[in-house]
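Q: File model-v4.txt follows (compact mmCIF, N, CA and C atoms):
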```
# COMPACT_ATOMS: atom_id res chain seq x y z
N MET A 12 -33.24 16.17 29.71
CA MET A 12 -33.24 14.78 30.11
C MET A 12 -33.02 14.69 31.61
N VAL A 13 -33.69 13.79 32.21
CA VAL A 13 -33.59 13.58 33.63
C VAL A 13 -32.27 12.89 33.95
N GLY A 14 -31.57 13.35 34.97
CA GLY A 14 -30.36 12.69 35.42
C GLY A 14 -29.07 13.24 34.81
N PHE A 15 -29.17 14.11 33.82
CA PHE A 15 -27.97 14.67 33.22
C PHE A 15 -27.81 16.12 33.62
N GLN A 16 -26.67 16.43 34.16
CA GLN A 16 -26.39 17.80 34.56
C GLN A 16 -25.72 18.54 33.41
N SER A 17 -25.96 19.81 33.37
CA SER A 17 -25.29 20.63 32.37
C SER A 17 -23.79 20.56 32.61
N GLY A 18 -23.03 20.33 31.55
CA GLY A 18 -21.58 20.26 31.67
C GLY A 18 -21.05 18.87 32.00
N PHE A 19 -21.93 17.90 32.19
CA PHE A 19 -21.50 16.54 32.49
C PHE A 19 -20.79 15.93 31.29
N VAL A 20 -19.64 15.34 31.53
CA VAL A 20 -18.91 14.63 30.49
C VAL A 20 -18.69 13.20 31.00
N HIS A 21 -19.14 12.25 30.22
CA HIS A 21 -19.02 10.85 30.60
C HIS A 21 -17.54 10.51 30.79
N PRO A 22 -17.20 9.73 31.83
CA PRO A 22 -15.80 9.37 32.08
C PRO A 22 -15.11 8.70 30.89
N ASP A 23 -15.84 7.89 30.13
CA ASP A 23 -15.24 7.25 28.96
C ASP A 23 -14.85 8.28 27.91
N LEU A 24 -15.67 9.30 27.75
CA LEU A 24 -15.35 10.37 26.80
C LEU A 24 -14.10 11.13 27.25
N LYS A 25 -13.96 11.31 28.55
CA LYS A 25 -12.76 11.97 29.08
C LYS A 25 -11.51 11.16 28.74
N ILE A 26 -11.60 9.84 28.89
CA ILE A 26 -10.45 8.98 28.57
C ILE A 26 -10.13 9.08 27.08
N LEU A 27 -11.15 9.02 26.24
CA LEU A 27 -10.92 9.13 24.79
C LEU A 27 -10.27 10.46 24.43
N ARG A 28 -10.74 11.52 25.04
CA ARG A 28 -10.17 12.84 24.77
C ARG A 28 -8.71 12.91 25.21
N LYS A 29 -8.42 12.38 26.40
CA LYS A 29 -7.04 12.40 26.90
C LYS A 29 -6.13 11.56 26.01
N LEU A 30 -6.60 10.38 25.62
CA LEU A 30 -5.80 9.51 24.76
C LEU A 30 -5.55 10.19 23.42
N ASN A 31 -6.58 10.74 22.82
CA ASN A 31 -6.44 11.41 21.53
C ASN A 31 -5.45 12.57 21.64
N HIS A 32 -5.54 13.33 22.71
CA HIS A 32 -4.63 14.46 22.94
C HIS A 32 -3.18 13.96 23.05
N LEU A 33 -2.97 12.91 23.82
CA LEU A 33 -1.62 12.35 23.98
C LEU A 33 -1.06 11.85 22.66
N VAL A 34 -1.89 11.15 21.90
CA VAL A 34 -1.44 10.62 20.61
C VAL A 34 -1.10 11.77 19.67
N GLU A 35 -1.94 12.80 19.64
CA GLU A 35 -1.67 13.96 18.78
C GLU A 35 -0.34 14.62 19.11
N ILE A 36 -0.01 14.69 20.36
CA ILE A 36 1.23 15.35 20.79
C ILE A 36 2.46 14.48 20.56
N HIS A 37 2.32 13.16 20.80
CA HIS A 37 3.50 12.30 20.89
C HIS A 37 3.66 11.24 19.81
N PHE A 38 2.73 11.14 18.83
CA PHE A 38 2.77 10.01 17.91
C PHE A 38 4.03 9.95 17.06
N LYS A 39 4.68 11.07 16.83
CA LYS A 39 5.88 11.04 15.98
C LYS A 39 7.07 10.42 16.70
N GLU A 40 7.21 10.74 17.96
CA GLU A 40 8.39 10.25 18.66
C GLU A 40 8.11 9.07 19.59
N ASN A 41 6.85 8.79 19.87
CA ASN A 41 6.56 7.73 20.81
C ASN A 41 5.40 6.87 20.33
N LYS A 42 5.73 5.69 19.83
CA LYS A 42 4.74 4.77 19.32
C LYS A 42 4.49 3.59 20.27
N ALA A 43 5.12 3.63 21.43
CA ALA A 43 5.02 2.53 22.39
C ALA A 43 3.71 2.61 23.16
N GLU A 44 2.98 1.51 23.16
CA GLU A 44 1.72 1.43 23.88
C GLU A 44 1.92 1.72 25.37
N ALA A 45 3.03 1.26 25.93
CA ALA A 45 3.30 1.44 27.35
C ALA A 45 3.37 2.92 27.73
N PHE A 46 3.87 3.75 26.84
CA PHE A 46 3.95 5.19 27.11
C PHE A 46 2.56 5.76 27.38
N TYR A 47 1.62 5.45 26.49
CA TYR A 47 0.26 5.99 26.62
C TYR A 47 -0.46 5.39 27.82
N SER A 48 -0.21 4.12 28.06
CA SER A 48 -0.78 3.45 29.22
C SER A 48 -0.32 4.12 30.52
N GLU A 49 0.97 4.38 30.60
CA GLU A 49 1.53 5.03 31.80
C GLU A 49 1.00 6.45 31.96
N GLN A 50 0.93 7.18 30.87
CA GLN A 50 0.45 8.56 30.93
C GLN A 50 -0.99 8.65 31.42
N LEU A 51 -1.81 7.68 31.02
CA LEU A 51 -3.22 7.68 31.41
C LEU A 51 -3.47 6.94 32.73
N GLY A 52 -2.49 6.17 33.16
CA GLY A 52 -2.67 5.40 34.39
C GLY A 52 -3.66 4.26 34.20
N ILE A 53 -3.69 3.72 32.98
CA ILE A 53 -4.60 2.63 32.63
C ILE A 53 -3.77 1.55 31.95
N SER A 54 -3.99 0.29 32.31
CA SER A 54 -3.21 -0.78 31.71
C SER A 54 -3.48 -0.88 30.21
N ILE A 55 -2.51 -1.44 29.49
CA ILE A 55 -2.66 -1.64 28.05
C ILE A 55 -3.87 -2.53 27.78
N LYS A 56 -4.03 -3.56 28.60
CA LYS A 56 -5.15 -4.48 28.43
C LYS A 56 -6.49 -3.74 28.53
N VAL A 57 -6.62 -2.89 29.53
CA VAL A 57 -7.87 -2.13 29.71
C VAL A 57 -8.05 -1.12 28.58
N LEU A 58 -6.96 -0.46 28.17
CA LEU A 58 -7.06 0.49 27.05
C LEU A 58 -7.48 -0.22 25.77
N ASN A 59 -6.92 -1.40 25.53
CA ASN A 59 -7.32 -2.16 24.34
C ASN A 59 -8.79 -2.54 24.39
N LYS A 60 -9.27 -2.97 25.54
CA LYS A 60 -10.69 -3.32 25.69
C LYS A 60 -11.56 -2.08 25.45
N PHE A 61 -11.15 -0.99 26.01
CA PHE A 61 -11.85 0.29 25.87
C PHE A 61 -11.91 0.70 24.39
N LEU A 62 -10.77 0.65 23.71
CA LEU A 62 -10.72 1.06 22.30
C LEU A 62 -11.48 0.09 21.40
N ARG A 63 -11.48 -1.19 21.73
CA ARG A 63 -12.27 -2.14 20.94
C ARG A 63 -13.77 -1.81 21.06
N THR A 64 -14.17 -1.42 22.25
CA THR A 64 -15.58 -1.09 22.49
C THR A 64 -16.00 0.18 21.77
N TYR A 65 -15.19 1.23 21.86
CA TYR A 65 -15.61 2.53 21.36
C TYR A 65 -15.08 2.88 19.96
N LYS A 66 -13.98 2.29 19.55
CA LYS A 66 -13.37 2.65 18.27
C LYS A 66 -13.12 1.44 17.36
N ASN A 67 -13.47 0.25 17.84
CA ASN A 67 -13.27 -0.98 17.06
C ASN A 67 -11.82 -1.13 16.60
N THR A 68 -10.89 -0.85 17.50
CA THR A 68 -9.47 -0.96 17.19
C THR A 68 -8.70 -1.28 18.46
N THR A 69 -7.40 -1.42 18.33
CA THR A 69 -6.53 -1.61 19.49
C THR A 69 -5.67 -0.36 19.65
N LEU A 70 -4.98 -0.26 20.77
CA LEU A 70 -4.11 0.89 21.01
C LEU A 70 -3.01 0.96 19.96
N HIS A 71 -2.42 -0.16 19.65
CA HIS A 71 -1.36 -0.19 18.64
C HIS A 71 -1.87 0.34 17.29
N LYS A 72 -3.02 -0.16 16.87
CA LYS A 72 -3.59 0.28 15.59
C LYS A 72 -4.01 1.75 15.65
N TYR A 73 -4.52 2.18 16.78
CA TYR A 73 -4.93 3.58 16.95
C TYR A 73 -3.74 4.52 16.72
N ILE A 74 -2.61 4.17 17.32
CA ILE A 74 -1.39 4.97 17.16
C ILE A 74 -0.90 4.89 15.71
N GLN A 75 -0.86 3.69 15.15
CA GLN A 75 -0.39 3.52 13.78
C GLN A 75 -1.29 4.24 12.77
N ASN A 76 -2.59 4.26 13.03
CA ASN A 76 -3.51 4.99 12.15
C ASN A 76 -3.18 6.47 12.13
N ARG A 77 -2.81 7.02 13.28
CA ARG A 77 -2.47 8.44 13.34
C ARG A 77 -1.17 8.71 12.59
N VAL A 78 -0.19 7.84 12.76
CA VAL A 78 1.09 7.97 12.05
C VAL A 78 0.84 7.90 10.54
N HIS A 79 0.02 6.96 10.12
CA HIS A 79 -0.27 6.79 8.70
C HIS A 79 -1.01 8.00 8.14
N ALA A 80 -1.95 8.52 8.89
CA ALA A 80 -2.69 9.71 8.43
C ALA A 80 -1.74 10.89 8.23
N GLU A 81 -0.77 11.03 9.11
CA GLU A 81 0.22 12.10 8.97
C GLU A 81 1.11 11.85 7.76
N ALA A 82 1.48 10.61 7.54
CA ALA A 82 2.30 10.28 6.36
C ALA A 82 1.57 10.66 5.08
N ILE A 83 0.31 10.32 5.01
CA ILE A 83 -0.48 10.67 3.82
C ILE A 83 -0.57 12.18 3.66
N SER A 84 -0.83 12.87 4.74
CA SER A 84 -0.92 14.33 4.69
C SER A 84 0.38 14.95 4.18
N LEU A 85 1.51 14.47 4.67
CA LEU A 85 2.80 15.01 4.25
C LEU A 85 3.12 14.63 2.81
N LEU A 86 2.74 13.43 2.41
CA LEU A 86 3.02 12.99 1.04
C LEU A 86 2.21 13.78 0.00
N ILE A 87 0.96 14.04 0.29
CA ILE A 87 0.14 14.71 -0.73
C ILE A 87 0.16 16.24 -0.62
N GLY A 88 0.56 16.75 0.54
CA GLY A 88 0.49 18.19 0.73
C GLY A 88 1.81 18.92 0.79
N THR A 89 2.92 18.19 0.64
CA THR A 89 4.24 18.82 0.69
C THR A 89 5.14 18.24 -0.39
N ILE A 90 6.28 18.87 -0.55
CA ILE A 90 7.30 18.33 -1.45
C ILE A 90 8.50 17.83 -0.64
N VAL A 91 8.30 17.66 0.65
CA VAL A 91 9.36 17.16 1.53
C VAL A 91 9.78 15.77 1.02
N PRO A 92 11.07 15.52 0.89
CA PRO A 92 11.53 14.20 0.44
C PRO A 92 11.01 13.08 1.36
N ILE A 93 10.71 11.95 0.77
CA ILE A 93 10.14 10.83 1.51
C ILE A 93 11.05 10.39 2.65
N LYS A 94 12.34 10.42 2.41
CA LYS A 94 13.30 10.06 3.44
C LYS A 94 13.13 10.96 4.68
N LEU A 95 12.93 12.25 4.45
CA LEU A 95 12.74 13.18 5.57
C LEU A 95 11.38 13.00 6.24
N ILE A 96 10.38 12.61 5.47
CA ILE A 96 9.07 12.31 6.06
C ILE A 96 9.20 11.13 7.01
N ALA A 97 9.94 10.12 6.58
CA ALA A 97 10.16 8.95 7.44
C ALA A 97 10.81 9.37 8.76
N TYR A 98 11.83 10.19 8.69
CA TYR A 98 12.49 10.67 9.91
C TYR A 98 11.56 11.53 10.75
N GLU A 99 10.78 12.38 10.09
CA GLU A 99 9.82 13.25 10.78
C GLU A 99 8.81 12.43 11.58
N LEU A 100 8.44 11.28 11.04
CA LEU A 100 7.46 10.42 11.69
C LEU A 100 8.08 9.48 12.72
N GLY A 101 9.37 9.61 12.94
CA GLY A 101 10.02 8.84 13.99
C GLY A 101 10.65 7.54 13.55
N TYR A 102 10.71 7.31 12.25
CA TYR A 102 11.36 6.09 11.75
C TYR A 102 12.85 6.36 11.59
N SER A 103 13.67 5.48 12.11
CA SER A 103 15.11 5.66 11.97
C SER A 103 15.61 5.09 10.65
N ASP A 104 14.77 4.28 10.00
CA ASP A 104 15.13 3.65 8.73
C ASP A 104 14.04 3.95 7.69
N PRO A 105 14.33 4.81 6.71
CA PRO A 105 13.34 5.12 5.68
C PRO A 105 12.84 3.88 4.92
N ALA A 106 13.70 2.88 4.77
CA ALA A 106 13.27 1.65 4.09
C ALA A 106 12.16 0.95 4.87
N TYR A 107 12.24 0.99 6.19
CA TYR A 107 11.19 0.39 7.02
C TYR A 107 9.88 1.15 6.85
N PHE A 108 9.96 2.48 6.82
CA PHE A 108 8.77 3.30 6.55
C PHE A 108 8.17 2.92 5.20
N ASN A 109 9.00 2.78 4.19
CA ASN A 109 8.52 2.39 2.86
C ASN A 109 7.81 1.04 2.88
N ARG A 110 8.40 0.06 3.59
CA ARG A 110 7.78 -1.27 3.67
C ARG A 110 6.43 -1.22 4.37
N LYS A 111 6.37 -0.50 5.48
CA LYS A 111 5.10 -0.39 6.22
C LYS A 111 4.04 0.31 5.38
N PHE A 112 4.44 1.36 4.67
CA PHE A 112 3.50 2.09 3.84
C PHE A 112 3.01 1.21 2.69
N LEU A 113 3.92 0.51 2.05
CA LEU A 113 3.59 -0.39 0.94
C LEU A 113 2.61 -1.47 1.39
N LYS A 114 2.84 -2.03 2.56
CA LYS A 114 1.95 -3.07 3.08
C LYS A 114 0.54 -2.53 3.28
N ARG A 115 0.43 -1.31 3.72
CA ARG A 115 -0.88 -0.73 4.02
C ARG A 115 -1.60 -0.19 2.78
N GLU A 116 -0.87 0.41 1.86
CA GLU A 116 -1.47 1.07 0.70
C GLU A 116 -1.31 0.30 -0.61
N GLN A 117 -0.55 -0.77 -0.59
CA GLN A 117 -0.26 -1.55 -1.79
C GLN A 117 0.46 -0.72 -2.86
N CYS A 118 1.13 0.33 -2.44
CA CYS A 118 2.02 1.08 -3.33
C CYS A 118 3.04 1.81 -2.46
N THR A 119 4.15 2.17 -3.06
CA THR A 119 5.20 2.86 -2.31
C THR A 119 4.78 4.29 -2.02
N PRO A 120 5.41 4.93 -1.05
CA PRO A 120 5.12 6.34 -0.79
C PRO A 120 5.33 7.21 -2.03
N ARG A 121 6.37 6.92 -2.81
CA ARG A 121 6.65 7.69 -4.03
C ARG A 121 5.50 7.57 -5.03
N ASN A 122 5.03 6.34 -5.26
CA ASN A 122 3.92 6.14 -6.18
C ASN A 122 2.63 6.77 -5.65
N PHE A 123 2.41 6.64 -4.35
CA PHE A 123 1.23 7.24 -3.73
C PHE A 123 1.24 8.75 -3.95
N ARG A 124 2.38 9.36 -3.70
CA ARG A 124 2.51 10.81 -3.89
C ARG A 124 2.25 11.18 -5.36
N GLY A 125 2.81 10.42 -6.26
CA GLY A 125 2.63 10.70 -7.68
C GLY A 125 1.16 10.68 -8.11
N LYS A 126 0.39 9.75 -7.53
CA LYS A 126 -1.02 9.63 -7.90
C LYS A 126 -1.92 10.61 -7.15
N ASN A 127 -1.50 11.06 -5.99
CA ASN A 127 -2.40 11.80 -5.12
C ASN A 127 -1.96 13.21 -4.72
N SER A 128 -0.82 13.65 -5.17
CA SER A 128 -0.29 14.94 -4.73
C SER A 128 -1.24 16.10 -5.04
N LEU A 129 -1.38 16.99 -4.10
CA LEU A 129 -2.18 18.20 -4.27
C LEU A 129 -1.36 19.29 -4.92
N LEU A 130 -0.08 19.05 -5.10
CA LEU A 130 0.85 20.08 -5.59
C LEU A 130 1.24 19.89 -7.04
N LYS A 131 0.43 19.22 -7.80
CA LYS A 131 0.76 18.95 -9.22
C LYS A 131 0.68 20.20 -10.04
```
Since I need it in another form, could you write the structure as structure tokens?

A:
Amino acid sequence: MVGFQSGFVHPDLKILRKLNHLVEIHFKENKAEAFYSEQLGISIKVLNKFLRTYKNTTLHKYIQNRVHAEAISLLIGTIVPIKLIAYELGYSDPAYFNRKFLKREQCTPRNFRGKNSLLK
């Protein structure tokens, strides 16, 4: 193709890669949008616009989706107690983790694990 150099990476793809890398490293202990904004040197407003364009989501939802994916992975692939999973994911109150999970999945983490565990 004319105009594309070998090894060229679009700047937007670089931002997505950096954001994904930061979320992968820090999602358990840092769920604050401001943290990721500061690390990337991009305002939350601009990051939200960027994520709406490329991922049809917001920064908050992007981070929460990663936390939720990890919760599901731990629930179905381990026998770690739910209380410890909540702490592992950075929740100081396991009851809050349960409420958030229930709201998203329409069942408690315990029921979800019972229906979906890979360790049966």

Q: Give me, as JSON lines, the closest atom pair and its distance (Å, one decimal) for every residue of segment 18-110 of chain A within a cut-off of 6 Å of segment 115-129 of chain A, counting only C-alpha atoms, rows sorted by chain and rising number.

A:
```
{"residue": "A:Leu86", "atom": "CA", "partner": "A:Arg124", "partner_atom": "CA", "distance": 5.4}
{"residue": "A:Ile87", "atom": "CA", "partner": "A:Ser128", "partner_atom": "CA", "distance": 4.0}
{"residue": "A:Gly88", "atom": "CA", "partner": "A:Leu129", "partner_atom": "CA", "distance": 5.7}
```

Q: With N, CA and C atoms retained, write the just-selected residues as a CSV table (one decimal), keeping the file's coordinate frame.

A:
```
chain,number,residue,atom,x,y,z
A,86,LEU,N,2.7,13.4,2.4
A,86,LEU,CA,3.0,13.0,1.0
A,86,LEU,C,2.2,13.8,0.0
A,87,ILE,N,1.0,14.0,0.3
A,87,ILE,CA,0.1,14.7,-0.7
A,87,ILE,C,0.2,16.2,-0.6
A,88,GLY,N,0.6,16.8,0.5
A,88,GLY,CA,0.5,18.2,0.7
A,88,GLY,C,1.8,18.9,0.8
```

Q: Rounded to one decimal, what separation in Å do you get between atom N of Leu95 of chain A and atom N of Gln75 of chain A?

A: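 About the pair atom N of Leu95 of chain A and atom N of Gln75 of chain A: they are 19.4 Å apart.
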
Q: Taking the chain letters and numbering used in this document, name the residues of segment 16-120 of chain A that DSSP puts in alpha helix (DSSP H), as a PyMOL selection string.

A: chain A and resi 22-37+44-51+55-66+70-88+93-99+105-116+120

Q: Around segment 29-41 of chain A, with edges along x, y and z and 6 Å added on all six sides, what centre and edge lengths do you get, in Å to one decimal, as lines of an AutoDock Vina configuration file?

A:
```
center_x = 0.0
center_y = 11.1
center_z = 21.4
size_x = 28.8
size_y = 20.5
size_z = 22.9
```

Q: Could you pull the residues within 10 Å of Phe61 of chain A, counting only C-alpha atoms, minus those fewer than 6 positions along the same chain, as a PDB file with N, CA and C atoms, in the frame of the given file?

A:
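Output (result15.pdb):
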```pdb
ATOM      1  N   ASP A  23     -15.840   7.890  30.130  1.00  0.00           N
ATOM      2  CA  ASP A  23     -15.240   7.250  28.960  1.00  0.00           C
ATOM      3  C   ASP A  23     -14.850   8.280  27.910  1.00  0.00           C
ATOM      4  N   ILE A  26     -11.600   9.840  28.890  1.00  0.00           N
ATOM      5  CA  ILE A  26     -10.450   8.980  28.570  1.00  0.00           C
ATOM      6  C   ILE A  26     -10.130   9.080  27.080  1.00  0.00           C
ATOM      7  N   LEU A  27     -11.150   9.020  26.240  1.00  0.00           N
ATOM      8  CA  LEU A  27     -10.920   9.130  24.790  1.00  0.00           C
ATOM      9  C   LEU A  27     -10.270  10.460  24.430  1.00  0.00           C
ATOM     10  N   ILE A  55      -2.510  -1.440  29.490  1.00  0.00           N
ATOM     11  CA  ILE A  55      -2.660  -1.640  28.050  1.00  0.00           C
ATOM     12  C   ILE A  55      -3.870  -2.530  27.780  1.00  0.00           C
ATOM     13  N   ASN A  67     -13.470   0.250  17.840  1.00  0.00           N
ATOM     14  CA  ASN A  67     -13.270  -0.980  17.060  1.00  0.00           C
ATOM     15  C   ASN A  67     -11.820  -1.130  16.600  1.00  0.00           C
ATOM     16  N   THR A  68     -10.890  -0.850  17.500  1.00  0.00           N
ATOM     17  CA  THR A  68      -9.470  -0.960  17.190  1.00  0.00           C
ATOM     18  C   THR A  68      -8.700  -1.280  18.460  1.00  0.00           C
ATOM     19  N   THR A  69      -7.400  -1.420  18.330  1.00  0.00           N
ATOM     20  CA  THR A  69      -6.530  -1.610  19.490  1.00  0.00           C
ATOM     21  C   THR A  69      -5.670  -0.360  19.650  1.00  0.00           C
ATOM     22  N   LEU A  70      -4.980  -0.260  20.770  1.00  0.00           N
ATOM     23  CA  LEU A  70      -4.110   0.890  21.010  1.00  0.00           C
ATOM     24  C   LEU A  70      -3.010   0.960  19.960  1.00  0.00           C
TER      25      LEU A  70
END
```

Q: When you draw a straight line from atom C of Leu30 of chain A to atom C of Ile83 of chain A, how long is it in Å?

A: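 Atom C of Leu30 of chain A sits 20.5 Å away from atom C of Ile83 of chain A.
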
Q: Counting all atoms listed in the file, which of A:Leu85, A:Leu51, A:Ile90, A:Leu58 gets nearest to His71 of chain A?

A: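 That would be A:Leu58, the residue with the smallest distance to His71 of chain A.
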
Q: Which polymer residues have any atom within 5 Å of an atom of segment 96-109 of chain A, counting only N, CA and C atoms, with same-chain residues fewer than 4 positions away left out, as an MDAnalysis selection string?

A: chainID A and resid 39 92 113

Q: How far is it from atom C of Ala43 of chain A to atom CA of Ile93 of chain A, in Å with one decimal?

A: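 Separation of atom C of Ala43 of chain A and atom CA of Ile93 of chain A: 24.0 Å.
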
Q: A:Arg63, A:Lys72, A:Lys56, A:Arg77: which is nearest Val34 of chain A, counting only N, CA and C atoms?

A: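 Closest residue, counting only N, CA and C atoms: A:Arg77.
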